[in-house]
Each structure stands twice: as C-alpha cells, then as structure tokens.
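**Student:** The following block contains the structure, expressed as structure tokens.
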Amino acid sequence: MNIYPDLFLTFAKVGVMTFGGGYAMLPILQREVVENKGWATEEELTDYFAIGQCTPGIIAVNTATFIGQKNKGVAGGIIATLGLVFPSLIIISLLAGVITTFSHLAWVNHAFGGIRVCVCVLILNAVVKLFKKAVIDPPTAVIFLAVAAGSYFSSLSPVVFVLVSALAGIALKNVGVKK
C-alpha cells in the first residue's frame, strides 16, 4: 500500500477512536505506530511524546507530525497530522450545532461522565507503559521522582522539566552511571 494513504488512514483511525484529547490518544498511538505498523520504536515514541509535550500544540498531533515526517519527510508529517485531526473536525462540526440543544439532558451529562472516567483509564494505561520503558534503573527513578515532585509542587513549564531531565541524563551518562 502507498505510504501516504496508509499514514492518513492509520492516524484517522487513531483520531476517530479517541475521546478526551491528546493524552487519551497515547495508548492508541503506541499500539498503531509501534505494534501494528512498526513506524517507530517504543523509545522513539517516548521521545516523540516528550518533545510533543514541549512544543506548542496537542501532544498527539505533534507526535503524528513527527512520525509522519520520520517516515516520509515533510509531506508525511502533513498527511499524518491531517489524518489525525480530520475525524475530530468532522465530528465537532456535526456536534457543534446539536450539543447545546441536548447538553441539559441528564443522560447526556451521564454519558460524558462515563467518557471522562474511560479517558482517565486510557491515560493511566499510557503512563504505566511509558513508566515501564522509561524508569529502568536508579538514576532514571531519581529523575522521575524529581520531575514528579517538581511538577506537583511548582508551576514550571514542562519544557523546563524536559530540558533539566535531558541534562541530568547526559550528566549521569558522562559520569559513568549506567543508564
């Protein structure tokens, strides 16, 4: 199959199957991109998530752009990004006029409550998978705990945490700590 339609359709499938925003897409992206298509490794995908968190925009959209660009250059990045956002654009356009009409109904509110719980579980699954791949030894555990504490107790930008973590990883590697 031609890679461009495959990029578009794969990311459209991710986009249409995901409710709850960029973080909820992470486990589906992992399954499609790493397990099903082999377009990235677990480590590359984790790096894309980290970079996607630091760049403007939605993490899943940024990740789609990185994966598309890796596989087919700038055109691939554009096609993957369009594939990811296309279902949302269609669904939002269809729902925009209707949602306000039905938002007062109890069953609509209950449905959204159920969806929010599901999204929490999807995000937790993504976090657990990323944790298992990223926290592999005591130095990475220290970085994890420091970033977790720092992000909980401060309002620093995620960019600061990623940059400091990168420097810590470099420093630990250069002082001979196996990472």
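Residues are referred to by chain and number: the chain letter is A, B, ... according to the order shown in the structure tokens, the number counts from 1 in that chain, and ligands are numbered separately from 1 in the order shown.
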Quick one: everything within 12 Å of Thr41 of chain A, counting only C-alpha atoms, minus sequence neighbours fewer than 6 positions away in the same chain. Send it as a PyMOL selection string.

**Tutor:** chain A and resi 29-35+47-48+67+70+133

**Student:** Write the selection just made, keeping N, CA, C and O atoms, as a short mmCIF file (atom, residue, chain, number, x, y, z; two decimals), in the first residue's frame?

**Tutor:**
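The resulting file, result_7.cif, is reproduced below:
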data_model
loop_
_atom_site.label_atom_id
_atom_site.label_comp_id
_atom_site.auth_asym_id
_atom_site.auth_seq_id
_atom_site.Cartn_x
_atom_site.Cartn_y
_atom_site.Cartn_z
N LEU A 29 -2.00 5.42 19.90
CA LEU A 29 -0.84 5.72 19.05
C LEU A 29 0.24 4.66 19.23
O LEU A 29 0.83 4.18 18.26
N GLN A 30 0.48 4.27 20.47
CA GLN A 30 1.50 3.26 20.75
C GLN A 30 1.17 1.96 20.04
O GLN A 30 2.02 1.35 19.39
N ARG A 31 -0.08 1.53 20.15
CA ARG A 31 -0.48 0.27 19.51
C ARG A 31 -0.36 0.34 17.99
O ARG A 31 0.22 -0.53 17.35
N GLU A 32 -0.87 1.41 17.41
CA GLU A 32 -0.88 1.53 15.95
C GLU A 32 0.51 1.76 15.37
O GLU A 32 0.90 1.14 14.40
N VAL A 33 1.26 2.68 15.97
CA VAL A 33 2.54 3.11 15.40
C VAL A 33 3.67 2.14 15.70
O VAL A 33 4.49 1.86 14.82
N VAL A 34 3.71 1.60 16.91
CA VAL A 34 4.80 0.71 17.29
C VAL A 34 4.45 -0.74 16.99
O VAL A 34 5.17 -1.42 16.27
N GLU A 35 3.33 -1.21 17.51
CA GLU A 35 3.00 -2.62 17.41
C GLU A 35 2.48 -3.01 16.02
O GLU A 35 2.92 -4.01 15.45
N ASP A 47 10.27 9.41 23.11
CA ASP A 47 10.94 10.67 22.80
C ASP A 47 9.99 11.64 22.11
O ASP A 47 9.98 12.83 22.41
N TYR A 48 9.19 11.13 21.18
CA TYR A 48 8.22 11.99 20.48
C TYR A 48 7.20 12.56 21.47
O TYR A 48 6.80 13.73 21.35
N ILE A 67 6.08 11.40 13.53
CA ILE A 67 6.11 10.06 12.94
C ILE A 67 5.95 10.12 11.43
O ILE A 67 6.67 9.44 10.70
N LYS A 70 9.19 11.43 10.01
CA LYS A 70 10.25 10.42 10.08
C LYS A 70 10.14 9.43 8.92
O LYS A 70 11.13 9.02 8.34
N LYS A 133 8.99 1.60 30.37
CA LYS A 133 10.05 1.76 29.38
C LYS A 133 11.06 2.83 29.78
O LYS A 133 12.22 2.78 29.38
#

**Student:** Neighbours of segment 142-155 of chain A within 12 Å (only C-alpha atoms; same-chain residues fewer than 6 positions away dropped), as JSON, numbers by chain?

**Tutor:** {"A": [130, 131, 132, 134, 135, 136, 161, 162, 163, 164, 165, 166, 167, 168, 169, 170, 171, 172, 179]}

**Student:** Mind checking which residues fall within 7 Å of Thr81 of chain A, counting only C-alpha atoms, ignoring those fewer than 6 positions away in the same chain, and posting them as a list in words?

**Tutor:** Val61, Ala64 and Thr65 of chain A

**Student:** For those residues, write all heavy atoms to a file as a JSON list (two decimals), in the first residue's frame.

**Tutor:**
[["chain", "number", "residue", "atom", "x", "y", "z"],
["A", 61, "VAL", "N", -1.09, 15.34, 18.21],
["A", 61, "VAL", "CA", -0.91, 15.94, 16.89],
["A", 61, "VAL", "C", 0.57, 16.11, 16.60],
["A", 61, "VAL", "O", 1.05, 15.79, 15.50],
["A", 61, "VAL", "CB", -1.67, 17.29, 16.78],
["A", 61, "VAL", "CG1", -1.35, 17.99, 15.48],
["A", 61, "VAL", "CG2", -3.17, 17.07, 16.93],
["A", 64, "ALA", "N", 2.04, 12.71, 15.85],
["A", 64, "ALA", "CA", 1.69, 12.28, 14.49],
["A", 64, "ALA", "C", 2.57, 12.98, 13.46],
["A", 64, "ALA", "O", 3.04, 12.35, 12.50],
["A", 64, "ALA", "CB", 0.21, 12.57, 14.21],
["A", 65, "THR", "N", 2.80, 14.26, 13.67],
["A", 65, "THR", "CA", 3.65, 15.02, 12.74],
["A", 65, "THR", "C", 5.07, 14.44, 12.74],
["A", 65, "THR", "O", 5.66, 14.24, 11.67],
["A", 65, "THR", "CB", 3.68, 16.50, 13.14],
["A", 65, "THR", "OG1", 2.34, 16.99, 13.21],
["A", 65, "THR", "CG2", 4.47, 17.33, 12.14]]

**Student:** Compile the contact shell of segment 2-14 of chain A as a PyMOL selection string: residues with an atom at most 6 Å away, counting only C-alpha atoms, same-chain residues fewer than 3 positions apart removed.

**Tutor:** chain A and resi 17+79-80+83-84

**Student:** I'd like to know which residues of segment 18-156 of chain A are helix (DSSP H, G or I) (by DSSP, run on the backbone); could you write them as an MDAnalysis selection string?

**Tutor:** chainID A and resid 22:36 42:54 59:102 106:134 138:153
